[in-house]
Amino acid sequence: MLPGESGVTLTRRLRAEERTRELPILMLTARAMEHDKVSGLDAGADELSHQAVLAEGARARIKAVLRRRAPQLADDVVEMAGLRLDPAGRRVTANGAVVELAPTEFGLLPSS
C-alpha cells in the first residue's frame, strides 16, 4: 500500500513515460487475490510476489528480473554468439579476446 497512489497506478505511469518505460518492476504486495496479481502484471510489472516472501526469495526474484530486463545490471555473465559480457568485471570479450571499452561505451551496451 503506497501513500497516495496504488502500485498498479504507479506501474502504469512508469510504463507510460519514455525514460522509465524499461525500468524493471518487482511488486511486493499484501494483496493475495488472483485478480490483484493479474492487475499488477497487466499494468506492466515484471514480477509480482506476496509481501510475506522471505528475503532470499525476494533477492532471487530481483536477480531474475534483472537477468531478463537488464543483464548488464545483474552480476551474471551473459554469453551469446561468441560474445561474453561480464557486468561485475565490466569486461567484454569476443571469441576469447578482450574488447577494450571506455566506461561510457560499456554503459551504452543494450540491456536485452
# chains A, B, ... in the order shown; residues from 1 in each chain; ligands from 1
>>> residues_around(residues="range 32-46 of chain A", least_positions_apart="4", cutoff="9 Å", atoms="only C-alpha atoms", output="PyMOL selection string")
chain A and resi 7-12+14-15+24-27+50+65+69
>>> residues_around(residues="Glu79 in chain A", least_positions_apart="5", cutoff="10 Å", atoms="only C-alpha atoms", output="list in words")
Arg84, Leu85, Asp86, Val92, Thr93 and Ala94 of chain A
>>> write_last_selection(atoms="all heavy atoms", output="compact mmCIF listing (two decimals), in the first residue's frame")
# COMPACT_ATOMS: atom_id res chain seq x y z
N ARG A 84 30.89 -12.31 -24.83
CA ARG A 84 30.71 -12.57 -23.39
C ARG A 84 30.73 -11.23 -22.66
O ARG A 84 31.67 -10.45 -22.80
CB ARG A 84 31.83 -13.46 -22.89
CG ARG A 84 31.80 -13.74 -21.42
CD ARG A 84 33.01 -14.61 -21.04
NE ARG A 84 33.25 -14.59 -19.64
CZ ARG A 84 32.88 -15.53 -18.79
NH1 ARG A 84 32.26 -16.59 -19.23
NH2 ARG A 84 33.14 -15.42 -17.51
N LEU A 85 29.67 -10.96 -21.91
CA LEU A 85 29.54 -9.72 -21.14
C LEU A 85 29.60 -10.08 -19.66
O LEU A 85 28.78 -10.85 -19.16
CB LEU A 85 28.22 -9.04 -21.47
CG LEU A 85 27.83 -7.83 -20.62
CD1 LEU A 85 28.81 -6.69 -20.84
CD2 LEU A 85 26.42 -7.39 -20.95
N ASP A 86 30.60 -9.54 -18.97
CA ASP A 86 30.76 -9.76 -17.54
C ASP A 86 30.50 -8.43 -16.83
O ASP A 86 31.39 -7.58 -16.72
CB ASP A 86 32.18 -10.24 -17.24
CG ASP A 86 32.45 -10.42 -15.76
OD1 ASP A 86 31.53 -10.22 -14.94
OD2 ASP A 86 33.60 -10.74 -15.42
N VAL A 92 34.12 -7.12 -21.65
CA VAL A 92 33.50 -7.76 -22.81
C VAL A 92 34.60 -8.49 -23.56
O VAL A 92 35.69 -7.96 -23.77
CB VAL A 92 32.84 -6.72 -23.74
CG1 VAL A 92 32.29 -7.38 -25.00
CG2 VAL A 92 31.73 -5.97 -23.01
N THR A 93 34.30 -9.74 -23.97
CA THR A 93 35.23 -10.48 -24.82
C THR A 93 34.49 -10.97 -26.05
O THR A 93 33.29 -11.24 -26.01
CB THR A 93 35.85 -11.69 -24.07
OG1 THR A 93 34.81 -12.54 -23.62
CG2 THR A 93 36.71 -11.23 -22.89
N ALA A 94 35.23 -11.07 -27.15
CA ALA A 94 34.70 -11.60 -28.41
C ALA A 94 35.59 -12.75 -28.82
O ALA A 94 36.79 -12.56 -29.07
CB ALA A 94 34.69 -10.52 -29.48
>>> select_by_dssp(residues="chain A", states="strand (DSSP E)", output="ChimeraX atom specification")
/A:26-29,47-50,78-80,83-86,91-94,97-99
>>> closest_residue(among="A:Asn95, A:Ser49, A:Ser6, A:Thr104", to="Ala30 in chain A", atoms="only C-alpha atoms")
A:Ser49
>>> select_by_dssp(residues="chain A", states="helix (DSSP H, G or I)", output="PyMOL selection string")
chain A and resi 7-16+18-20+34-43+55-69+71-73+103-107
>>> residues_around(residues="Ala102 in chain A", least_positions_apart="4", cutoff="12 Å", atoms="only C-alpha atoms", output="PDB file with all heavy atoms, in the first residue's frame")
ATOM      1  N   ARG A  90      32.938  -5.625 -15.584  1.00  0.00           N
ATOM      2  CA  ARG A  90      32.837  -4.601 -16.633  1.00  0.00           C
ATOM      3  C   ARG A  90      33.769  -4.939 -17.800  1.00  0.00           C
ATOM      4  O   ARG A  90      34.543  -4.121 -18.267  1.00  0.00           O
ATOM      5  CB  ARG A  90      33.113  -3.211 -16.074  1.00  0.00           C
ATOM      6  CG  ARG A  90      32.076  -2.791 -15.029  1.00  0.00           C
ATOM      7  CD  ARG A  90      32.211  -1.363 -14.599  1.00  0.00           C
ATOM      8  NE  ARG A  90      32.023  -0.391 -15.646  1.00  0.00           N
ATOM      9  CZ  ARG A  90      30.848   0.073 -16.085  1.00  0.00           C
ATOM     10  NH1 ARG A  90      29.736  -0.377 -15.580  1.00  0.00           N
ATOM     11  NH2 ARG A  90      30.800   0.988 -17.033  1.00  0.00           N
ATOM     12  N   ARG A  91      33.657  -6.203 -18.259  1.00  0.00           N
ATOM     13  CA  ARG A  91      34.528  -6.691 -19.320  1.00  0.00           C
ATOM     14  C   ARG A  91      33.707  -7.353 -20.413  1.00  0.00           C
ATOM     15  O   ARG A  91      32.743  -8.070 -20.141  1.00  0.00           O
ATOM     16  CB  ARG A  91      35.510  -7.700 -18.734  1.00  0.00           C
ATOM     17  CG  ARG A  91      36.379  -8.360 -19.790  1.00  0.00           C
ATOM     18  CD  ARG A  91      37.285  -9.355 -19.186  1.00  0.00           C
ATOM     19  NE  ARG A  91      38.204  -8.623 -18.321  1.00  0.00           N
ATOM     20  CZ  ARG A  91      39.283  -9.139 -17.791  1.00  0.00           C
ATOM     21  NH1 ARG A  91      39.581 -10.386 -18.007  1.00  0.00           N
ATOM     22  NH2 ARG A  91      40.064  -8.426 -17.025  1.00  0.00           N
ATOM     23  N   VAL A  92      34.122  -7.122 -21.647  1.00  0.00           N
ATOM     24  CA  VAL A  92      33.503  -7.758 -22.811  1.00  0.00           C
ATOM     25  C   VAL A  92      34.597  -8.495 -23.565  1.00  0.00           C
ATOM     26  O   VAL A  92      35.692  -7.958 -23.769  1.00  0.00           O
ATOM     27  CB  VAL A  92      32.835  -6.716 -23.736  1.00  0.00           C
ATOM     28  CG1 VAL A  92      32.289  -7.375 -24.997  1.00  0.00           C
ATOM     29  CG2 VAL A  92      31.730  -5.970 -23.006  1.00  0.00           C
ATOM     30  N   PHE A 106      30.774   1.007 -22.335  1.00  0.00           N
ATOM     31  CA  PHE A 106      30.217  -0.150 -21.634  1.00  0.00           C
ATOM     32  C   PHE A 106      28.796   0.161 -21.175  1.00  0.00           C
ATOM     33  O   PHE A 106      27.894  -0.667 -21.301  1.00  0.00           O
ATOM     34  CB  PHE A 106      31.090  -0.527 -20.430  1.00  0.00           C
ATOM     35  CG  PHE A 106      30.664  -1.811 -19.773  1.00  0.00           C
ATOM     36  CD1 PHE A 106      31.159  -3.021 -20.216  1.00  0.00           C
ATOM     37  CD2 PHE A 106      29.747  -1.812 -18.735  1.00  0.00           C
ATOM     38  CE1 PHE A 106      30.767  -4.210 -19.630  1.00  0.00           C
ATOM     39  CE2 PHE A 106      29.341  -2.992 -18.140  1.00  0.00           C
ATOM     40  CZ  PHE A 106      29.862  -4.196 -18.587  1.00  0.00           C
ATOM     41  N   GLY A 107      28.566   1.369 -20.692  1.00  0.00           N
ATOM     42  CA  GLY A 107      27.247   1.764 -20.238  1.00  0.00           C
ATOM     43  C   GLY A 107      26.209   1.846 -21.345  1.00  0.00           C
ATOM     44  O   GLY A 107      25.013   1.792 -21.094  1.00  0.00           O
ATOM     45  N   LEU A 108      26.659   1.983 -22.594  1.00  0.00           N
ATOM     46  CA  LEU A 108      25.749   2.078 -23.730  1.00  0.00           C
ATOM     47  C   LEU A 108      25.334   0.724 -24.298  1.00  0.00           C
ATOM     48  O   LEU A 108      24.488   0.663 -25.183  1.00  0.00           O
ATOM     49  CB  LEU A 108      26.381   2.905 -24.855  1.00  0.00           C
ATOM     50  CG  LEU A 108      26.563   4.387 -24.545  1.00  0.00           C
ATOM     51  CD1 LEU A 108      27.388   5.054 -25.656  1.00  0.00           C
ATOM     52  CD2 LEU A 108      25.247   5.081 -24.377  1.00  0.00           C
ATOM     53  N   LEU A 109      25.902  -0.356 -23.769  1.00  0.00           N
ATOM     54  CA  LEU A 109      25.537  -1.680 -24.279  1.00  0.00           C
ATOM     55  C   LEU A 109      24.050  -1.916 -24.069  1.00  0.00           C
ATOM     56  O   LEU A 109      23.486  -1.516 -23.059  1.00  0.00           O
ATOM     57  CB  LEU A 109      26.353  -2.767 -23.570  1.00  0.00           C
ATOM     58  CG  LEU A 109      27.848  -2.775 -23.896  1.00  0.00           C
ATOM     59  CD1 LEU A 109      28.566  -3.776 -23.020  1.00  0.00           C
ATOM     60  CD2 LEU A 109      28.063  -3.088 -25.361  1.00  0.00           C
TER      61      LEU A 109
END
>>> decode(residues="range 33-46 of chain A", atoms="all heavy atoms", output="PDB file, in the first residue's frame")
ATOM      1  N   MET A  33      -5.254 -11.913  -3.563  1.00  0.00           N
ATOM      2  CA  MET A  33      -6.254 -12.387  -4.515  1.00  0.00           C
ATOM      3  C   MET A  33      -5.651 -12.457  -5.927  1.00  0.00           C
ATOM      4  O   MET A  33      -4.842 -11.614  -6.300  1.00  0.00           O
ATOM      5  CB  MET A  33      -7.465 -11.452  -4.524  1.00  0.00           C
ATOM      6  CG  MET A  33      -8.151 -11.328  -3.157  1.00  0.00           C
ATOM      7  SD  MET A  33      -8.794 -12.895  -2.548  1.00  0.00           S
ATOM      8  CE  MET A  33     -10.087 -13.204  -3.713  1.00  0.00           C
ATOM      9  N   GLU A  34      -6.068 -13.435  -6.674  1.00  0.00           N
ATOM     10  CA  GLU A  34      -5.536 -13.637  -8.019  1.00  0.00           C
ATOM     11  C   GLU A  34      -5.766 -12.418  -8.908  1.00  0.00           C
ATOM     12  O   GLU A  34      -4.885 -12.021  -9.671  1.00  0.00           O
ATOM     13  CB  GLU A  34      -6.167 -14.889  -8.650  1.00  0.00           C
ATOM     14  CG  GLU A  34      -5.525 -15.299  -9.955  1.00  0.00           C
ATOM     15  CD  GLU A  34      -4.085 -15.768  -9.806  1.00  0.00           C
ATOM     16  OE1 GLU A  34      -3.680 -16.182  -8.704  1.00  0.00           O
ATOM     17  OE2 GLU A  34      -3.355 -15.719 -10.808  1.00  0.00           O
ATOM     18  N   HIS A  35      -6.939 -11.790  -8.814  1.00  0.00           N
ATOM     19  CA  HIS A  35      -7.219 -10.639  -9.679  1.00  0.00           C
ATOM     20  C   HIS A  35      -6.291  -9.459  -9.348  1.00  0.00           C
ATOM     21  O   HIS A  35      -5.975  -8.658 -10.222  1.00  0.00           O
ATOM     22  CB  HIS A  35      -8.691 -10.225  -9.633  1.00  0.00           C
ATOM     23  CG  HIS A  35      -9.151  -9.696  -8.309  1.00  0.00           C
ATOM     24  ND1 HIS A  35      -9.013  -8.385  -7.950  1.00  0.00           N
ATOM     25  CD2 HIS A  35      -9.744 -10.318  -7.269  1.00  0.00           C
ATOM     26  CE1 HIS A  35      -9.499  -8.215  -6.722  1.00  0.00           C
ATOM     27  NE2 HIS A  35      -9.951  -9.378  -6.290  1.00  0.00           N
ATOM     28  N   ASP A  36      -5.821  -9.349  -8.094  1.00  0.00           N
ATOM     29  CA  ASP A  36      -4.858  -8.302  -7.739  1.00  0.00           C
ATOM     30  C   ASP A  36      -3.510  -8.562  -8.407  1.00  0.00           C
ATOM     31  O   ASP A  36      -2.859  -7.641  -8.907  1.00  0.00           O
ATOM     32  CB  ASP A  36      -4.675  -8.224  -6.219  1.00  0.00           C
ATOM     33  CG  ASP A  36      -5.935  -7.754  -5.511  1.00  0.00           C
ATOM     34  OD1 ASP A  36      -6.571  -6.799  -6.003  1.00  0.00           O
ATOM     35  OD2 ASP A  36      -6.278  -8.350  -4.475  1.00  0.00           O
ATOM     36  N   LYS A  37      -3.098  -9.826  -8.420  1.00  0.00           N
ATOM     37  CA  LYS A  37      -1.845 -10.190  -9.084  1.00  0.00           C
ATOM     38  C   LYS A  37      -1.937  -9.930 -10.582  1.00  0.00           C
ATOM     39  O   LYS A  37      -1.023  -9.375 -11.192  1.00  0.00           O
ATOM     40  CB  LYS A  37      -1.515 -11.660  -8.827  1.00  0.00           C
ATOM     41  CG  LYS A  37      -1.200 -11.956  -7.379  1.00  0.00           C
ATOM     42  CD  LYS A  37      -0.963 -13.437  -7.184  1.00  0.00           C
ATOM     43  CE  LYS A  37      -0.734 -13.759  -5.725  1.00  0.00           C
ATOM     44  NZ  LYS A  37      -0.542 -15.175  -5.488  1.00  0.00           N
ATOM     45  N   VAL A  38      -3.035 -10.315 -11.175  1.00  0.00           N
ATOM     46  CA  VAL A  38      -3.235 -10.115 -12.610  1.00  0.00           C
ATOM     47  C   VAL A  38      -3.219  -8.621 -12.944  1.00  0.00           C
ATOM     48  O   VAL A  38      -2.604  -8.203 -13.925  1.00  0.00           O
ATOM     49  CB  VAL A  38      -4.548 -10.778 -13.082  1.00  0.00           C
ATOM     50  CG1 VAL A  38      -4.902 -10.368 -14.499  1.00  0.00           C
ATOM     51  CG2 VAL A  38      -4.435 -12.296 -12.969  1.00  0.00           C
ATOM     52  N   SER A  39      -3.849  -7.798 -12.107  1.00  0.00           N
ATOM     53  CA  SER A  39      -3.861  -6.348 -12.334  1.00  0.00           C
ATOM     54  C   SER A  39      -2.451  -5.781 -12.337  1.00  0.00           C
ATOM     55  O   SER A  39      -2.107  -4.949 -13.184  1.00  0.00           O
ATOM     56  CB  SER A  39      -4.683  -5.631 -11.258  1.00  0.00           C
ATOM     57  OG  SER A  39      -6.030  -5.982 -11.351  1.00  0.00           O
ATOM     58  N   GLY A  40      -1.614  -6.211 -11.397  1.00  0.00           N
ATOM     59  CA  GLY A  40      -0.235  -5.736 -11.331  1.00  0.00           C
ATOM     60  C   GLY A  40       0.569  -6.136 -12.547  1.00  0.00           C
ATOM     61  O   GLY A  40       1.294  -5.324 -13.126  1.00  0.00           O
ATOM     62  N   LEU A  41       0.439  -7.383 -12.968  1.00  0.00           N
ATOM     63  CA  LEU A  41       1.162  -7.852 -14.147  1.00  0.00           C
ATOM     64  C   LEU A  41       0.640  -7.197 -15.416  1.00  0.00           C
ATOM     65  O   LEU A  41       1.419  -6.816 -16.299  1.00  0.00           O
ATOM     66  CB  LEU A  41       1.094  -9.377 -14.238  1.00  0.00           C
ATOM     67  CG  LEU A  41       1.813 -10.117 -13.112  1.00  0.00           C
ATOM     68  CD1 LEU A  41       1.475 -11.608 -13.145  1.00  0.00           C
ATOM     69  CD2 LEU A  41       3.309  -9.900 -13.185  1.00  0.00           C
ATOM     70  N   ASP A  42      -0.675  -7.025 -15.525  1.00  0.00           N
ATOM     71  CA  ASP A  42      -1.258  -6.353 -16.687  1.00  0.00           C
ATOM     72  C   ASP A  42      -0.827  -4.888 -16.764  1.00  0.00           C
ATOM     73  O   ASP A  42      -0.714  -4.323 -17.853  1.00  0.00           O
ATOM     74  CB  ASP A  42      -2.785  -6.431 -16.661  1.00  0.00           C
ATOM     75  CG  ASP A  42      -3.317  -7.788 -17.084  1.00  0.00           C
ATOM     76  OD1 ASP A  42      -2.523  -8.607 -17.616  1.00  0.00           O
ATOM     77  OD2 ASP A  42      -4.523  -8.045 -16.877  1.00  0.00           O
ATOM     78  N   ALA A  43      -0.575  -4.275 -15.616  1.00  0.00           N
ATOM     79  CA  ALA A  43      -0.139  -2.875 -15.585  1.00  0.00           C
ATOM     80  C   ALA A  43       1.296  -2.723 -16.058  1.00  0.00           C
ATOM     81  O   ALA A  43       1.725  -1.637 -16.416  1.00  0.00           O
ATOM     82  CB  ALA A  43      -0.287  -2.306 -14.176  1.00  0.00           C
ATOM     83  N   GLY A  44       2.062  -3.849 -16.064  1.00  0.00           N
ATOM     84  CA  GLY A  44       3.428  -3.779 -16.567  1.00  0.00           C
ATOM     85  C   GLY A  44       4.492  -4.263 -15.612  1.00  0.00           C
ATOM     86  O   GLY A  44       5.679  -4.176 -15.921  1.00  0.00           O
ATOM     87  N   ALA A  45       4.115  -4.791 -14.452  1.00  0.00           N
ATOM     88  CA  ALA A  45       5.122  -5.324 -13.534  1.00  0.00           C
ATOM     89  C   ALA A  45       5.783  -6.545 -14.163  1.00  0.00           C
ATOM     90  O   ALA A  45       5.143  -7.322 -14.863  1.00  0.00           O
ATOM     91  CB  ALA A  45       4.481  -5.702 -12.198  1.00  0.00           C
ATOM     92  N   ASP A  46       7.078  -6.696 -13.923  1.00  0.00           N
ATOM     93  CA  ASP A  46       7.808  -7.853 -14.448  1.00  0.00           C
ATOM     94  C   ASP A  46       7.627  -9.076 -13.560  1.00  0.00           C
ATOM     95  O   ASP A  46       7.691 -10.200 -14.026  1.00  0.00           O
ATOM     96  CB  ASP A  46       9.304  -7.533 -14.533  1.00  0.00           C
ATOM     97  CG  ASP A  46       9.561  -6.444 -15.549  1.00  0.00           C
ATOM     98  OD1 ASP A  46       9.385  -6.705 -16.741  1.00  0.00           O
ATOM     99  OD2 ASP A  46       9.925  -5.329 -15.140  1.00  0.00           O
TER     100      ASP A  46
END
